[in-house]
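K.L.:
Structure provided below as structure tokens; questions to follow.
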Amino acid sequence: AKNATLTIMVGGEKADFDRAVPLFEVMGTNYSLHGGAGCGQHCKMANQINIASTMMGMAESLAYAIASGLDPMAVIDTLSGGSSQTWSLSNYGPRVLKGDFQPGFFIKHFIKDLRIALEQAEEMGIDLPATKLAKQLYDNLSNQGCSDLGTQAIVKLYFGEC
């Protein structure tokens, strides 16, 4: 919010959204109305579900690259220019290789969001097995004292550090 880079997902009435746009502009450049009350929360849960998958993919691809003897930074550079490019890989990958696990988003908050997403999915009658696995992995990290690290610390499970 301080840097005005938030993505803001809103649910509510259009007139209220329009009135709040000047406030959104102070906090971010990407803001959108997704429907009535509660729809912004559903959009955030969809975002967190997507991030969970990309964080696991980033961790597993780096673990594989390192185990196979590849230069992990060269792998990040190559993959970031192709169809498997993700924000997580391009931005968190280099930080991980430097041992930087400072939070952009805390594991403890991510676990809360994944719990909410899974509860909502259950109420809607849908199964999210990958999200369940992600929550289990992040729960493992939290149980090992990593809850105040950033979500990129999931690599610690793959690197044998937790």
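Starting from 1 in every chain, residues are counted up; chains themselves are A, B, ... following the order of the structure tokens, and ligands are numbered from 1 as listed.
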Could I get the residues of segment 17-73 of chain A with an atom no further than 9 Å from an atom of segment 132-135 of chain A, each paired with its nearest atom pair and that distance in Å to one decimal, using only C-alpha atoms, sorted by chain and residue number, as CSV?
P.N.:
```
residue,atom,partner,partner_atom,distance
A:Ile49,CA,A:Ala134,CA,8.8
A:Ala52,CA,A:Ala134,CA,5.9
A:Ser53,CA,A:Ala134,CA,7.3
A:Met55,CA,A:Ala134,CA,8.8
A:Met56,CA,A:Ala134,CA,7.2
```
K.L.:
Write the residues you've just listed into a file as a compact mmCIF listing (two decimals), in the first residue's frame, and include N, CA, C and O atoms for each of them.
P.N.:
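Produced file again-v6.txt, reproduced below:
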```txt
# COMPACT_ATOMS: atom_id res chain seq x y z
N ILE A 49 -5.10 -19.35 -4.30
CA ILE A 49 -5.04 -20.71 -4.84
C ILE A 49 -4.02 -20.77 -5.98
O ILE A 49 -3.20 -21.69 -6.04
N ALA A 52 -0.47 -20.52 -4.58
CA ALA A 52 -0.04 -21.76 -3.94
C ALA A 52 0.58 -22.70 -4.97
O ALA A 52 1.64 -23.29 -4.73
N SER A 53 -0.07 -22.83 -6.11
CA SER A 53 0.44 -23.72 -7.16
C SER A 53 1.76 -23.23 -7.74
O SER A 53 2.68 -24.01 -7.96
N MET A 55 3.97 -21.29 -6.30
CA MET A 55 5.05 -21.40 -5.32
C MET A 55 5.58 -22.83 -5.23
O MET A 55 6.79 -23.05 -5.15
N MET A 56 4.67 -23.81 -5.28
CA MET A 56 5.12 -25.20 -5.26
C MET A 56 5.90 -25.51 -6.54
O MET A 56 6.93 -26.19 -6.49
```
K.L.:
Find the residues near Ser142 of chain A: any atom within 12 Å, counting only C-alpha atoms, skip ones fewer than 3 places away on the same chain, and give them as a ChimeraX atom specification.
P.N.:
/A:106-112,135-139,145-151,153-154,156-157,162
K.L.:
Just the strand (DSSP E) stuff from chain A, please, per backbone DSSP, written as number ranges by chain.
P.N.:
A: 6-10, 28-33
K.L.:
Tell me which protein, DNA and RNA residues are within 8 Å of Glu60 of chain A, counting only C-alpha atoms, leaving out same-chain ones fewer than 3 positions away, and put them as an MDAnalysis selection string.
P.N.:
chainID A and resid 56:57 63:64 155 158
K.L.:
What's the 8 Å shell around Thr29 of chain A, counting only C-alpha atoms, without same-chain residues fewer than 2 positions away, as a ChimeraX atom specification?
P.N.:
/A:4-7,24-25,27,31
K.L.:
In Å to one decimal, how far is atom CA of Ser61 of chain A from atom CA of Phe159 of chain A?
P.N.:
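Computed distance, atom CA of Phe159 of chain A to atom CA of Ser61 of chain A, equals 11.6 Å.
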K.L.:
Contacts of segment 86-90 of chain A at 7 Å or less, counting only C-alpha atoms, minus same-chain residues fewer than 6 places along, as a list of chain:residue names?
P.N.:
A:Thr54, A:Met55, A:Met58, A:Ile76, A:Ser80
K.L.:
Generate a file of the selected residues that holds all heavy atoms, formatted as a short mmCIF file (atom, residue, chain, number, x, y, z; two decimals), in the first residue's frame.
P.N.:
```cif
data_model
loop_
_atom_site.label_atom_id
_atom_site.label_comp_id
_atom_site.auth_asym_id
_atom_site.auth_seq_id
_atom_site.Cartn_x
_atom_site.Cartn_y
_atom_site.Cartn_z
N THR A 54 1.84 -21.92 -7.98
CA THR A 54 3.08 -21.41 -8.58
C THR A 54 4.24 -21.46 -7.60
O THR A 54 5.39 -21.66 -8.02
CB THR A 54 2.89 -19.98 -9.14
OG1 THR A 54 2.57 -19.07 -8.10
CG2 THR A 54 1.84 -19.95 -10.24
N MET A 55 3.97 -21.29 -6.30
CA MET A 55 5.05 -21.40 -5.32
C MET A 55 5.58 -22.83 -5.23
O MET A 55 6.79 -23.05 -5.15
CB MET A 55 4.58 -20.91 -3.95
CG MET A 55 4.28 -19.42 -3.90
SD MET A 55 5.65 -18.36 -4.38
CE MET A 55 6.60 -18.41 -2.89
N MET A 58 7.65 -23.38 -8.38
CA MET A 58 8.94 -22.72 -8.27
C MET A 58 9.88 -23.55 -7.40
O MET A 58 11.02 -23.82 -7.77
CB MET A 58 8.75 -21.32 -7.69
CG MET A 58 10.02 -20.49 -7.57
SD MET A 58 10.85 -20.45 -5.96
CE MET A 58 9.56 -20.08 -4.81
N ILE A 76 16.28 -20.25 -14.04
CA ILE A 76 15.27 -19.20 -13.81
C ILE A 76 15.21 -18.27 -15.01
O ILE A 76 14.12 -17.94 -15.50
CB ILE A 76 15.58 -18.41 -12.52
CG1 ILE A 76 15.33 -19.28 -11.30
CG2 ILE A 76 14.74 -17.14 -12.45
CD1 ILE A 76 15.84 -18.68 -9.99
N SER A 80 11.91 -18.11 -17.27
CA SER A 80 11.19 -16.84 -17.18
C SER A 80 10.93 -16.22 -18.55
O SER A 80 10.12 -15.30 -18.66
CB SER A 80 11.98 -15.86 -16.29
OG SER A 80 11.97 -16.32 -14.95
#
```
K.L.:
Go through A:Val26, A:Leu118, A:Ser68, A:Leu33 one by one, measure the shortest atom-to-atom distance of each to Ala1 of chain A using only C-alpha atoms, and give the residue with the smallest value.
P.N.:
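For Ala1 of chain A, the nearest of the given residues is A:Val26.
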K.L.:
Enumerate the residues of segment 86-135 of chain A with a DSSP assignment of helix (DSSP H, G or I), computed from the backbone, and present them as a PyMOL selection string.
P.N.:
chain A and resi 87-97+107-124+129-135
K.L.:
Quick one: everything within 10 Å of Gln120 of chain A, counting only C-alpha atoms, minus sequence neighbours fewer than 6 positions away in the same chain. Send it as a VMD selection string.
P.N.:
chain A and resid 42 45 114 126
K.L.:
For the selection just defined, write its residues with N, CA and C atoms to a file, as a PDB file, in the first residue's frame.
P.N.:
```
ATOM      1  N   HIS A  42     -13.821 -13.672  -2.769  1.00  0.00           N
ATOM      2  CA  HIS A  42     -13.694 -14.855  -3.623  1.00  0.00           C
ATOM      3  C   HIS A  42     -12.575 -14.671  -4.641  1.00  0.00           C
ATOM      4  N   MET A  45      -9.333 -15.283  -2.907  1.00  0.00           N
ATOM      5  CA  MET A  45      -9.097 -16.708  -2.685  1.00  0.00           C
ATOM      6  C   MET A  45      -8.621 -17.378  -3.976  1.00  0.00           C
ATOM      7  N   LEU A 114      -5.418 -19.886   2.741  1.00  0.00           N
ATOM      8  CA  LEU A 114      -5.662 -21.210   2.161  1.00  0.00           C
ATOM      9  C   LEU A 114      -6.763 -21.935   2.933  1.00  0.00           C
ATOM     10  N   ILE A 126     -16.806 -28.156  -4.149  1.00  0.00           N
ATOM     11  CA  ILE A 126     -15.701 -28.466  -5.057  1.00  0.00           C
ATOM     12  C   ILE A 126     -14.483 -28.915  -4.258  1.00  0.00           C
TER      13      ILE A 126
END
```
K.L.:
Separation of atom CA of Glu161 of chain A and atom CA of Phe101 of chain A, in Å?
P.N.:
12.3 Å
K.L.:
With only C-alpha atoms as the basis for distance, which of A:Ala67, A:Val75, A:Ile116, A:Leu23 is at the shortest distance from Ala46 of chain A?
P.N.:
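Between A:Ala67, A:Val75, A:Ile116, A:Leu23, the residue approaching Ala46 of chain A most closely is A:Ile116.
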K.L.:
Work out how far atom CA of Met124 of chain A is from atom CA of Ala15 of chain A, in Å to one decimal.
P.N.:
28.5 Å
